[in-house]
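Text of the file protein_20.cif, holding mmCIF, C-alpha atoms and all ligand atoms:
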data_my_file
#
loop_
_atom_site.label_atom_id
_atom_site.label_comp_id
_atom_site.auth_asym_id
_atom_site.auth_seq_id
_atom_site.Cartn_x
_atom_site.Cartn_y
_atom_site.Cartn_z
CA MET C 1 112.61 -14.22 46.47
CA LEU C 2 111.63 -11.13 44.42
CA PHE C 3 108.16 -9.71 43.87
CA LEU C 4 107.08 -7.39 41.07
CA ALA C 5 103.92 -5.39 41.90
CA LEU C 6 101.68 -3.27 39.67
CA GLU C 7 99.29 -0.44 40.59
CA THR C 8 96.81 1.11 38.14
CA SER C 9 93.70 1.64 40.30
CA CYS C 10 93.27 5.36 39.56
CA ASP C 11 95.58 7.87 37.89
CA GLU C 12 99.06 6.71 38.90
CA THR C 13 100.78 4.03 36.85
CA ALA C 14 103.16 2.32 39.26
CA ALA C 15 105.44 -0.67 39.58
CA ALA C 16 107.69 -1.80 42.42
CA VAL C 17 110.15 -4.57 43.12
CA PHE C 18 110.54 -5.85 46.68
CA THR C 19 111.94 -8.88 48.46
CA GLY C 20 110.15 -11.49 50.55
CA ASP C 21 111.55 -9.57 53.57
CA ARG C 22 109.64 -6.47 52.41
CA GLU C 23 112.79 -4.61 51.36
CA ILE C 24 111.70 -2.14 48.67
CA LEU C 25 114.25 -2.27 45.83
CA SER C 26 112.39 0.13 43.54
CA ASN C 27 109.13 2.10 43.62
CA VAL C 28 108.36 3.85 40.32
CA VAL C 29 105.30 6.06 39.85
CA ALA C 30 104.25 7.76 36.59
CA SER C 31 101.72 10.45 37.39
CA GLN C 32 98.92 11.42 35.01
CA THR C 33 98.19 14.74 36.73
CA ASP C 34 98.80 16.84 33.61
CA LEU C 35 96.30 14.78 31.59
CA HIS C 36 93.48 15.20 34.14
CA ALA C 37 94.20 18.78 35.23
CA PRO C 38 92.06 20.41 32.47
CA PHE C 39 89.04 18.49 33.84
CA ASN C 40 89.68 19.21 37.55
CA GLY C 41 89.39 15.52 38.28
CA VAL C 42 90.34 12.06 37.05
CA VAL C 43 88.67 11.07 33.76
CA PRO C 44 88.40 7.25 33.85
CA GLU C 45 88.82 6.63 30.10
CA ILE C 46 91.85 8.91 29.90
CA ALA C 47 93.33 7.13 32.93
CA SER C 48 92.88 3.67 31.34
CA ARG C 49 94.48 4.75 28.06
CA ALA C 50 97.43 6.37 29.84
CA HIS C 51 97.96 3.19 31.91
CA LEU C 52 98.09 1.22 28.66
CA ARG C 53 100.81 3.52 27.32
CA ASN C 54 102.81 3.81 30.53
CA LEU C 55 102.66 0.48 32.30
CA LEU C 56 105.30 -1.56 30.49
CA PRO C 57 107.87 1.29 30.46
CA VAL C 58 107.20 1.76 34.20
CA VAL C 59 107.73 -1.99 34.78
CA ASP C 60 111.01 -1.83 32.82
CA GLU C 61 112.14 1.14 34.92
CA ALA C 62 111.21 -0.58 38.20
CA VAL C 63 113.18 -3.69 37.25
CA ARG C 64 116.13 -1.58 36.08
CA ARG C 65 116.22 0.55 39.24
CA ALA C 66 116.02 -2.57 41.40
CA GLY C 67 119.16 -3.81 39.63
CA VAL C 68 117.55 -7.13 38.75
CA ALA C 69 116.30 -8.85 35.59
CA LEU C 70 112.68 -9.66 34.82
CA ALA C 71 113.66 -13.33 34.83
CA ASP C 72 114.65 -13.00 38.53
CA ILE C 73 111.05 -12.19 39.55
CA GLY C 74 109.44 -15.02 41.54
CA CYS C 75 105.92 -13.64 41.99
CA VAL C 76 103.75 -10.95 40.35
CA ALA C 77 101.29 -8.96 42.50
CA VAL C 78 98.64 -6.50 41.38
CA HIS C 79 96.06 -4.24 43.02
CA ASN C 80 92.82 -5.66 41.59
CA THR C 81 90.33 -3.89 43.92
CA PRO C 82 88.91 -1.28 44.60
CA GLY C 83 89.32 1.42 41.95
CA LEU C 84 88.24 2.53 38.48
CA VAL C 85 87.36 -0.68 36.70
CA GLY C 86 88.91 0.19 33.33
CA ALA C 87 92.09 1.37 35.04
CA LEU C 88 92.31 -1.73 37.26
CA LEU C 89 91.81 -3.97 34.23
CA VAL C 90 94.99 -2.68 32.61
CA GLY C 91 97.08 -3.68 35.64
CA VAL C 92 95.30 -7.00 36.13
CA SER C 93 95.72 -8.00 32.47
CA ALA C 94 99.39 -7.02 32.45
CA ALA C 95 100.02 -8.90 35.72
CA LYS C 96 98.42 -12.05 34.33
CA MET C 97 100.49 -11.77 31.18
CA LEU C 98 103.74 -11.25 33.12
CA ALA C 99 103.02 -14.08 35.60
CA THR C 100 102.19 -16.45 32.76
CA ALA C 101 105.23 -15.47 30.67
CA LEU C 102 107.56 -15.81 33.67
CA GLY C 103 105.88 -18.99 34.94
CA VAL C 104 105.46 -17.56 38.46
CA PRO C 105 102.49 -17.22 40.84
CA LEU C 106 100.06 -14.29 40.65
CA ILE C 107 98.61 -12.53 43.71
CA GLY C 108 95.70 -10.06 43.78
CA VAL C 109 96.03 -7.36 46.44
CA ASN C 110 93.34 -5.10 47.90
CA HIS C 111 94.47 -1.50 47.34
CA VAL C 112 92.85 -0.22 50.55
CA ALA C 113 94.51 -2.93 52.65
CA GLY C 114 97.71 -1.95 50.84
CA HIS C 115 97.37 1.66 52.07
CA ILE C 116 97.30 0.35 55.66
CA TYR C 117 100.17 -2.01 54.89
CA ALA C 118 102.26 0.98 53.80
CA CYS C 119 102.28 1.86 57.53
CA ARG C 120 103.70 -1.62 58.27
CA LEU C 121 106.43 -0.91 55.70
CA ALA C 122 107.16 2.52 57.18
CA ALA C 123 107.26 1.21 60.76
CA GLY C 124 109.54 -1.70 59.82
CA ARG C 125 107.78 -3.93 62.37
CA ASP C 126 104.43 -5.54 63.06
CA ILE C 127 101.69 -2.92 63.64
CA PHE C 128 98.67 -5.20 63.93
CA PRO C 129 96.11 -5.04 65.47
CA CYS C 130 95.42 -1.42 64.63
CA LEU C 131 92.73 1.04 63.65
CA GLY C 132 93.13 1.88 59.96
CA LEU C 133 92.10 5.16 58.36
CA VAL C 134 92.27 5.24 54.57
CA VAL C 135 91.71 8.74 53.27
CA SER C 136 92.26 9.32 49.57
CA GLY C 137 90.60 10.56 46.39
CA GLY C 138 88.41 7.48 46.14
CA ASN C 139 88.07 6.22 49.74
CA THR C 140 87.49 7.57 53.21
CA ALA C 141 86.91 4.79 55.71
CA LEU C 142 87.87 3.39 59.11
CA PHE C 143 88.79 -0.26 59.60
CA ARG C 144 89.47 -2.62 62.47
CA CYS C 145 92.63 -4.37 61.24
CA ALA C 146 93.18 -7.55 63.25
CA ASP C 147 96.00 -8.54 60.92
CA PRO C 148 97.26 -7.33 57.51
CA LEU C 149 94.61 -9.30 55.63
CA SER C 150 91.61 -8.98 57.96
CA LEU C 151 90.04 -5.57 57.57
CA VAL C 152 86.57 -5.04 59.05
CA LEU C 153 84.85 -1.86 57.89
CA LEU C 154 83.80 0.25 60.89
CA GLY C 155 82.36 3.06 58.79
CA GLY C 156 83.02 5.09 55.69
CA THR C 157 81.84 8.11 53.81
CA ARG C 158 78.19 8.39 52.85
CA ASP C 159 79.08 10.33 49.71
CA ASP C 160 82.39 11.85 48.63
CA ALA C 161 85.84 10.82 49.75
CA ALA C 162 87.80 13.57 51.53
CA GLY C 163 90.30 13.82 48.64
CA GLU C 164 87.45 14.22 46.16
CA ALA C 165 86.17 17.13 48.30
CA PHE C 166 89.67 18.71 48.27
CA ASP C 167 89.77 18.36 44.47
CA LYS C 168 86.30 19.85 43.92
CA VAL C 169 86.80 22.71 46.39
CA SER C 170 90.09 23.46 44.68
CA ALA C 171 88.15 23.73 41.39
CA ILE C 172 85.55 26.03 43.01
CA LEU C 173 88.36 28.24 44.32
CA GLY C 174 90.15 28.22 40.97
CA LEU C 175 93.20 26.53 42.43
CA GLY C 176 93.56 23.69 39.90
CA PHE C 177 94.18 19.94 40.09
CA PRO C 178 95.14 17.99 42.12
CA GLY C 179 93.30 19.91 44.78
CA GLY C 180 94.85 18.67 48.01
CA PRO C 181 98.31 20.23 47.78
CA ASN C 182 96.94 23.46 46.22
CA VAL C 183 94.23 23.94 48.85
CA GLU C 184 96.76 23.19 51.59
CA ARG C 185 99.15 25.82 50.20
CA GLU C 186 96.38 28.44 49.94
CA ALA C 187 95.06 27.56 53.42
CA LYS C 188 98.41 28.57 54.95
CA LEU C 189 97.52 32.19 54.06
CA GLY C 190 94.01 32.08 55.54
CA ASN C 191 92.03 32.02 58.76
CA PRO C 192 90.60 28.55 59.54
CA LYS C 193 87.88 30.16 61.68
CA ALA C 194 86.68 32.66 59.07
CA PHE C 195 83.82 30.41 57.88
CA ALA C 196 81.86 28.01 60.11
CA PHE C 197 81.63 25.06 57.70
CA PRO C 198 79.78 21.88 58.75
CA ARG C 199 81.40 18.85 60.39
CA ALA C 200 78.99 16.02 59.56
CA PHE C 201 77.99 13.57 62.32
CA SER C 202 80.05 15.48 64.90
CA ASP C 203 77.35 15.12 67.55
CA ASP C 204 76.89 11.36 67.39
CA ALA C 205 78.96 8.21 67.79
CA ARG C 206 78.56 6.70 64.33
CA LEU C 207 81.87 6.24 62.55
CA GLU C 208 80.80 7.79 59.28
CA PHE C 209 81.79 10.76 57.17
CA SER C 210 80.06 13.05 54.71
CA PHE C 211 81.78 15.73 52.67
CA SER C 212 79.27 16.61 49.95
CA GLY C 213 77.40 19.13 52.14
CA LEU C 214 80.72 20.71 53.02
CA LYS C 215 81.51 21.11 49.32
CA THR C 216 78.15 22.80 48.78
CA ALA C 217 78.73 25.07 51.78
CA VAL C 218 82.02 26.22 50.26
CA LEU C 219 80.32 26.78 46.90
CA TYR C 220 77.59 28.93 48.50
CA ALA C 221 80.11 30.86 50.61
CA CYS C 222 82.07 31.48 47.44
CA HIS C 223 79.36 32.36 44.92
CA GLY C 224 76.12 32.76 46.88
CA GLN C 225 73.10 30.46 46.57
CA ASN C 226 71.66 31.82 43.31
CA ILE C 227 74.28 30.34 41.06
CA THR C 228 73.14 30.46 37.47
CA LYS C 229 76.59 30.30 35.94
CA ALA C 230 80.05 30.25 37.42
CA SER C 231 80.96 33.65 38.75
CA PRO C 232 84.58 34.69 39.13
CA THR C 233 86.39 32.85 41.90
CA PRO C 234 87.38 35.04 44.80
CA ALA C 235 90.98 36.16 44.89
CA GLY C 236 93.20 37.23 47.77
CA PRO C 237 92.53 36.76 51.46
CA LYS C 238 88.94 35.59 51.11
CA ARG C 239 89.97 32.65 48.97
CA ALA C 240 92.66 31.79 51.50
CA ASP C 241 90.06 32.00 54.31
CA LEU C 242 87.72 29.68 52.38
CA ALA C 243 90.55 27.20 51.81
CA ALA C 244 91.67 27.32 55.45
CA SER C 245 88.12 26.98 56.81
CA PHE C 246 87.34 24.09 54.46
CA GLN C 247 90.56 22.28 55.35
CA ALA C 248 89.86 22.78 59.07
CA ALA C 249 86.40 21.22 58.65
CA VAL C 250 87.82 18.12 56.90
CA VAL C 251 90.63 17.76 59.44
CA ASP C 252 88.21 18.14 62.38
CA ALA C 253 85.79 15.52 60.96
CA LEU C 254 88.56 12.99 60.29
CA THR C 255 90.24 13.55 63.65
CA LEU C 256 87.01 13.33 65.65
CA LYS C 257 85.96 10.03 64.04
CA CYS C 258 89.43 8.55 64.60
CA LYS C 259 89.22 9.57 68.26
CA GLN C 260 85.77 8.00 68.63
CA ALA C 261 86.92 4.83 66.85
CA LEU C 262 90.00 4.51 69.09
CA ARG C 263 87.78 4.84 72.16
CA GLN C 264 85.13 2.43 70.85
CA THR C 265 87.56 -0.27 69.68
CA LYS C 266 90.29 0.25 72.32
CA LEU C 267 92.85 -0.50 69.60
CA PRO C 268 96.38 0.60 70.60
CA ARG C 269 97.40 2.41 67.43
CA LEU C 270 96.14 4.30 64.41
CA ALA C 271 97.58 3.58 60.94
CA VAL C 272 96.77 6.17 58.27
CA GLY C 273 97.11 5.82 54.51
CA GLY C 274 95.96 7.48 51.27
CA GLY C 275 96.83 10.73 49.53
CA VAL C 276 95.06 13.07 51.96
CA SER C 277 97.36 11.84 54.74
CA ALA C 278 100.03 13.96 53.05
CA ASN C 279 98.21 16.98 54.53
CA GLN C 280 100.32 18.61 57.26
CA CYS C 281 97.33 19.98 59.21
CA LEU C 282 95.78 16.51 59.31
CA ARG C 283 99.08 15.02 60.46
CA ALA C 284 99.41 17.62 63.22
CA ALA C 285 95.80 17.14 64.40
CA LEU C 286 96.08 13.33 64.44
CA THR C 287 99.41 13.55 66.25
CA ALA C 288 97.92 15.76 68.99
CA MET C 289 94.78 13.59 69.28
CA CYS C 290 96.74 10.31 69.51
CA GLU C 291 99.06 11.78 72.13
CA LYS C 292 96.03 12.71 74.26
CA GLU C 293 94.38 9.32 73.73
CA GLY C 294 97.59 7.40 74.51
CA ALA C 295 97.56 5.74 71.08
CA GLU C 296 100.48 5.25 68.71
CA LEU C 297 100.17 7.02 65.35
CA ILE C 298 101.75 5.68 62.17
CA ILE C 299 101.65 7.72 58.96
CA PRO C 300 104.05 6.72 56.17
CA PRO C 301 106.32 9.17 54.34
CA LEU C 302 104.73 10.94 51.37
CA ASN C 303 105.91 8.47 48.69
CA LEU C 304 104.12 5.65 50.51
CA CYS C 305 100.96 7.70 51.33
CA THR C 306 99.87 8.44 47.79
CA ASP C 307 99.15 5.65 45.30
CA ASN C 308 102.18 3.42 44.66
CA ALA C 309 102.97 -0.23 44.01
CA ALA C 310 105.32 -0.80 46.97
CA MET C 311 102.33 -0.97 49.31
CA ALA C 312 101.34 -4.12 47.43
CA ALA C 313 104.08 -5.75 49.53
CA LEU C 314 101.01 -7.02 51.32
CA ALA C 315 101.45 -9.80 48.74
CA VAL C 316 104.28 -11.12 50.94
CA GLU C 317 101.67 -11.99 53.59
CA LYS C 318 99.43 -13.68 51.02
CA TYR C 319 102.37 -15.61 49.59
CA ALA C 320 103.17 -16.96 53.08
CA ARG C 321 99.56 -18.14 53.38
CA GLY C 322 99.52 -19.63 49.88
CA GLU C 323 96.75 -17.26 48.76
CA PHE C 324 97.42 -17.19 45.04
CA ALA C 325 95.17 -16.02 42.24
CA ASP C 326 94.57 -17.83 38.99
CA ALA C 327 93.83 -16.73 35.44
CA ASP C 328 90.30 -15.64 36.30
CA LEU C 329 91.48 -12.92 38.70
CA ASP C 330 89.14 -10.01 37.98
CA ALA C 331 89.15 -6.25 38.48
CA GLN C 332 86.65 -5.39 41.20
CA PRO C 333 85.70 -1.69 41.42
CA ASN C 334 84.02 -1.77 44.85
CA PHE C 335 85.61 -2.49 48.21
CA LEU C 336 84.45 -5.97 49.28
O1 LIG T 401 95.74 7.94 47.49
P1 LIG T 401 95.78 8.85 46.32
O2 LIG T 401 97.13 9.12 45.73
O3 LIG T 401 94.91 8.27 45.13
C1 LIG T 401 93.57 8.37 44.89
O4 LIG T 401 92.75 7.84 45.66
O5 LIG T 401 93.28 8.99 43.84
O6 LIG T 401 95.07 10.20 46.77
C2 LIG T 401 94.89 11.29 45.92
C3 LIG T 401 94.07 12.31 46.67
C4 LIG T 401 93.63 13.48 45.79
O7 LIG T 401 92.24 13.70 45.96
C5 LIG T 401 94.47 14.63 46.32
O8 LIG T 401 93.83 15.89 46.19
C6 LIG T 401 94.63 14.25 47.78
O9 LIG T 401 94.80 12.84 47.77
N1 LIG T 401 95.80 14.90 48.39
C7 LIG T 401 95.73 15.76 49.41
C8 LIG T 401 97.04 16.24 49.63
N2 LIG T 401 97.87 15.61 48.73
C9 LIG T 401 97.09 14.79 47.98
N3 LIG T 401 94.68 16.21 50.13
C10 LIG T 401 94.94 17.11 51.11
N4 LIG T 401 96.15 17.62 51.36
C11 LIG T 401 97.24 17.21 50.65
N5 LIG T 401 98.45 17.72 50.91
#
Show me, as structure tokens, the structure contained in the file I just sent.
Amino acid sequence: MLFLALETSCDETAAAVFTGDREILSNVVASQTDLHAPFNGVVPEIASRAHLRNLLPVVDEAVRRAGVALADIGCVAVHNTPGLVGALLVGVSAAKMLATALGVPLIGVNHVAGHIYACRLAAGRDIFPCLGLVVSGGNTALFRCADPLSLVLLGGTRDDAAGEAFDKVSAILGLGFPGGPNVEREAKLGNPKAFAFPRAFSDDARLEFSFSGLKTAVLYACHGQNITKASPTPAGPKRADLAASFQAAVVDALTLKCKQALRQTKLPRLAVGGGVSANQCLRAALTAMCEKEGAELIIPPLNLCTDNAAMAALAVEKYARGEFADADLDAQPNFL
């Protein structure tokens, strides 16, 4: 039994082929980074148009790399929520068309649940129940995951996602897009204690995040509070100190809330997904925290952390339960 999965929720156009045993036969991702870089962030309309151009060639490549034919596909899966609605619609429409043309079932997959499921793929065994942290450009939230399809939101960000903060701080520091890898590189040269940036909600038990004040704090530290027009970004060690101090604040906030959530829920393991989980400082901090708390930590390799279609192998679980979608499957921008 072969599945073809599509991902177009943000700025990666992706397709994957996997088996009913969750063996990933191909995982193709076409990045749109160059298109969005001039704007220091993802422009939804540009993303939708690029998905339209790229999706079918990406599907062809995924099928080719898997060494199968399109006619061998027995089920089509697609991330239909959450994400940019115009971007999601491209994937959902293409998935409906492919499922109809092939005469096979269609399955809608929640992208956030897929990020947690990437940990199941990486572990190669059952990881549920677990605490799930999804930390990306669009989402930063903690979930109680009783099983792959039952995610209960414990708390999320009040404003920006952590990845969005990385991207905007990168723009403030003149480091370009996407921000995460660039800020991480710059931070290696700096002192994480040089600036005392805020860690929101660090003195209470609520499992929430906030990164917009942190962004503003970096902006003020960089340019001062009387900003009338953008002044030159700092160069040299100060910029590295700002990057390192910002990164430390994000890592501290994420790690603290994971620790509190593990203690509150008594769940045995933490599964982490989303682009920001590529960050080495975050990985090191979560590793140290989980060791102390006696919890298992699962973070997938980089190609399964950032947006991809292989994580839609969650469709295998839905297939087993007979949870199929029909022609009115819709793109749903918010996490439900
Ligand atoms: O999950 P993802 O690929 O898709 C979106 O939600 O868009 O995550 C992308 C986000 C971006 O905001 C990017 O800056 C961030 O993940 N990111 C990182 C790193 N690599 C990617 N943030 C911090 N450190 C990194 N190494």
**Message:** Can you work out which residues are within 6 Å of ligand LIG 401 (chain T), considering all atoms listed in the file, and then hand them over as a VMD selection string?
**Reply:** chain C and resid 10 136 to 138 163 to 164 166 to 167 178 to 181 184 274 to 276 278 to 279 306 to 307
**Asked** With all atoms listed in the file as the basis for distance, which of C:Asn303, C:Asn40, C:Thr33, C:Asn334 is at the shortest distance from C:Leu173?
**Response**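 Smallest separation from C:Leu173 among the options: C:Asn40.
Across C:Pro192, C:Pro333, C:Gly322, C:Pro105, the tightest approach to C:Pro82 is made by C:Pro333 when counting all atoms listed in the file.
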**Request:** With a distance cut-off of 9 Å and only C-alpha atoms, select the neighbouring residues of C:Ala122, excluding the residue or stretch itself and same-chain residues fewer than 3 positions from it, and output the selection as a PyMOL selection string.
**Result:** chain C and resi 117-119+125+298-301+304
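Using all atoms listed in the file, the protein and nucleic acid residues lying no more than 12 Å from C:Val152, apart from those fewer than 2 places from it along its own chain, are Val112, Ala113, Pro129, Cys130, Leu131, Gly132, Leu133, Ala141, Leu142, Phe143, Arg144, Cys145, Ala146, Asp147, Pro148, Leu149, Ser150, Leu154, Gly155, Gly156, Thr265, Phe335 and Leu336 of chain C.
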Requested write-out: C-alpha atoms of the selected residues, as an mmCIF file, keeping the file's coordinate frame:
data_model
loop_
_atom_site.group_PDB
_atom_site.id
_atom_site.type_symbol
_atom_site.label_atom_id
_atom_site.label_comp_id
_atom_site.auth_asym_id
_atom_site.auth_seq_id
_atom_site.Cartn_x
_atom_site.Cartn_y
_atom_site.Cartn_z
ATOM 1 C CA VAL C 112 92.850 -0.220 50.550
ATOM 2 C CA ALA C 113 94.510 -2.930 52.650
ATOM 3 C CA PRO C 129 96.110 -5.040 65.470
ATOM 4 C CA CYS C 130 95.420 -1.420 64.630
ATOM 5 C CA LEU C 131 92.730 1.040 63.650
ATOM 6 C CA GLY C 132 93.130 1.880 59.960
ATOM 7 C CA LEU C 133 92.100 5.160 58.360
ATOM 8 C CA ALA C 141 86.910 4.790 55.710
ATOM 9 C CA LEU C 142 87.870 3.390 59.110
ATOM 10 C CA PHE C 143 88.790 -0.260 59.600
ATOM 11 C CA ARG C 144 89.470 -2.620 62.470
ATOM 12 C CA CYS C 145 92.630 -4.370 61.240
ATOM 13 C CA ALA C 146 93.180 -7.550 63.250
ATOM 14 C CA ASP C 147 96.000 -8.540 60.920
ATOM 15 C CA PRO C 148 97.260 -7.330 57.510
ATOM 16 C CA LEU C 149 94.610 -9.300 55.630
ATOM 17 C CA SER C 150 91.610 -8.980 57.960
ATOM 18 C CA LEU C 154 83.800 0.250 60.890
ATOM 19 C CA GLY C 155 82.360 3.060 58.790
ATOM 20 C CA GLY C 156 83.020 5.090 55.690
ATOM 21 C CA THR C 265 87.560 -0.270 69.680
ATOM 22 C CA PHE C 335 85.610 -2.490 48.210
ATOM 23 C CA LEU C 336 84.450 -5.970 49.280
#
**Asked** With all atoms listed in the file as the basis for distance, which of C:Leu270, C:Met289, C:Met311, C:Ala50 is at the shortest distance from C:His36?
**Response**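 Smallest separation from C:His36 among the options: C:Ala50.
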**Message:** Would you compute the distance between atom CA of C:Cys290 and atom CA of C:Cys258? Give it in Å to one decimal.
**Reply:** 9.0 Å
**Prompt:** Can you list, as a PyMOL selection string, every protein, DNA or RNA residue that comes within 10 Å of C:Leu70 when you count all atoms listed in the file, leaving out same-chain residues fewer than 6 positions away?
**Reply:** chain C and resi 2+4+59-60+62-64+98+102
Contact table stretch 238-302 of chain C vs stretch 209-226 of chain C, cut-off 10 Å, shortest pair per residue, all atoms listed in the file, as JSON lines:
{"residue": "C:Lys238", "atom": "CA", "partner": "C:Cys222", "partner_atom": "CA", "distance": 8.8}
{"residue": "C:Arg239", "atom": "CA", "partner": "C:Cys222", "partner_atom": "CA", "distance": 8.1}
{"residue": "C:Leu242", "atom": "CA", "partner": "C:Val218", "partner_atom": "CA", "distance": 7.0}
{"residue": "C:Ala243", "atom": "CA", "partner": "C:Val218", "partner_atom": "CA", "distance": 8.7}
{"residue": "C:Ser245", "atom": "CA", "partner": "C:Val218", "partner_atom": "CA", "distance": 9.0}
{"residue": "C:Phe246", "atom": "CA", "partner": "C:Val218", "partner_atom": "CA", "distance": 7.1}
{"residue": "C:Ala249", "atom": "CA", "partner": "C:Leu214", "partner_atom": "CA", "distance": 8.0}
{"residue": "C:Val250", "atom": "CA", "partner": "C:Phe211", "partner_atom": "CA", "distance": 7.8}
{"residue": "C:Ala253", "atom": "CA", "partner": "C:Phe209", "partner_atom": "CA", "distance": 7.3}
{"residue": "C:Leu254", "atom": "CA", "partner": "C:Phe209", "partner_atom": "CA", "distance": 7.8}
{"residue": "C:Lys257", "atom": "CA", "partner": "C:Phe209", "partner_atom": "CA", "distance": 8.1}
Could you write out the selected residues, including C-alpha atoms, as a compact mmCIF listing (two decimals), keeping the file's coordinate frame?
# COMPACT_ATOMS: atom_id res chain seq x y z
CA LYS C 238 88.94 35.59 51.11
CA ARG C 239 89.97 32.65 48.97
CA LEU C 242 87.72 29.68 52.38
CA ALA C 243 90.55 27.20 51.81
CA SER C 245 88.12 26.98 56.81
CA PHE C 246 87.34 24.09 54.46
CA ALA C 249 86.40 21.22 58.65
CA VAL C 250 87.82 18.12 56.90
CA ALA C 253 85.79 15.52 60.96
CA LEU C 254 88.56 12.99 60.29
CA LYS C 257 85.96 10.03 64.04
**Prompt:** Contacts of C:Val29 at 7 Å or less, counting all atoms listed in the file, minus same-chain residues fewer than 6 places along, as a count of residues only?
**Reply:** 5
**Fill in**
Counting all atoms listed in the file, the residue among C:Ala310, C:Ala200, C:Ala171, C:Ala194 that lies closest to C:Leu121 is C:Ala310
**Prompt:** If you count only C-alpha atoms, which residues fall within 10 Å of C:Gly83, apart from same-chain ones fewer than 3 positions away, as number ranges by chain?
**Reply:** C: 8-11, 79-80, 86-89, 110-112, 138-139, 331-335
How about completing stretch 242-258 of chain C with N, CA and C atoms and giving it to me as an mmCIF file, in the coordinates of the input?
data_model
loop_
_atom_site.group_PDB
_atom_site.id
_atom_site.type_symbol
_atom_site.label_atom_id
_atom_site.label_comp_id
_atom_site.auth_asym_id
_atom_site.auth_seq_id
_atom_site.Cartn_x
_atom_site.Cartn_y
_atom_site.Cartn_z
ATOM 1 N N LEU C 242 88.589 30.805 52.777
ATOM 2 C CA LEU C 242 87.720 29.680 52.380
ATOM 3 C C LEU C 242 88.519 28.373 52.404
ATOM 4 N N ALA C 243 89.712 28.410 51.850
ATOM 5 C CA ALA C 243 90.550 27.200 51.810
ATOM 6 C C ALA C 243 90.883 26.726 53.221
ATOM 7 N N ALA C 244 91.270 27.681 54.078
ATOM 8 C CA ALA C 244 91.670 27.320 55.450
ATOM 9 C C ALA C 244 90.481 26.788 56.249
ATOM 10 N N SER C 245 89.309 27.408 56.060
ATOM 11 C CA SER C 245 88.120 26.980 56.810
ATOM 12 C C SER C 245 87.636 25.617 56.329
ATOM 13 N N PHE C 246 87.708 25.400 55.020
ATOM 14 C CA PHE C 246 87.340 24.090 54.460
ATOM 15 C C PHE C 246 88.282 23.012 54.998
ATOM 16 N N GLN C 247 89.580 23.269 54.902
ATOM 17 C CA GLN C 247 90.560 22.280 55.350
ATOM 18 C C GLN C 247 90.353 21.953 56.829
ATOM 19 N N ALA C 248 90.071 22.996 57.634
ATOM 20 C CA ALA C 248 89.860 22.780 59.070
ATOM 21 C C ALA C 248 88.654 21.872 59.303
ATOM 22 N N ALA C 249 87.598 22.054 58.489
ATOM 23 C CA ALA C 249 86.400 21.220 58.650
ATOM 24 C C ALA C 249 86.703 19.753 58.329
ATOM 25 N N VAL C 250 87.460 19.504 57.261
ATOM 26 C CA VAL C 250 87.820 18.120 56.900
ATOM 27 C C VAL C 250 88.700 17.510 57.995
ATOM 28 N N VAL C 251 89.694 18.270 58.418
ATOM 29 C CA VAL C 251 90.630 17.760 59.440
ATOM 30 C C VAL C 251 89.876 17.467 60.741
ATOM 31 N N ASP C 252 88.992 18.365 61.147
ATOM 32 C CA ASP C 252 88.210 18.140 62.380
ATOM 33 C C ASP C 252 87.373 16.865 62.275
ATOM 34 N N ALA C 253 86.674 16.690 61.129
ATOM 35 C CA ALA C 253 85.790 15.520 60.960
ATOM 36 C C ALA C 253 86.613 14.230 61.012
ATOM 37 N N LEU C 254 87.738 14.212 60.312
ATOM 38 C CA LEU C 254 88.560 12.990 60.290
ATOM 39 C C LEU C 254 89.124 12.692 61.676
ATOM 40 N N THR C 255 89.603 13.743 62.348
ATOM 41 C CA THR C 255 90.240 13.550 63.650
ATOM 42 C C THR C 255 89.224 13.091 64.693
ATOM 43 N N LEU C 256 88.047 13.711 64.666
ATOM 44 C CA LEU C 256 87.010 13.330 65.650
ATOM 45 C C LEU C 256 86.619 11.860 65.489
ATOM 46 N N LYS C 257 86.394 11.419 64.250
ATOM 47 C CA LYS C 257 85.960 10.030 64.040
ATOM 48 C C LYS C 257 87.072 9.037 64.393
ATOM 49 N N CYS C 258 88.316 9.413 64.179
ATOM 50 C CA CYS C 258 89.430 8.550 64.600
ATOM 51 C C CYS C 258 89.458 8.447 66.125
#
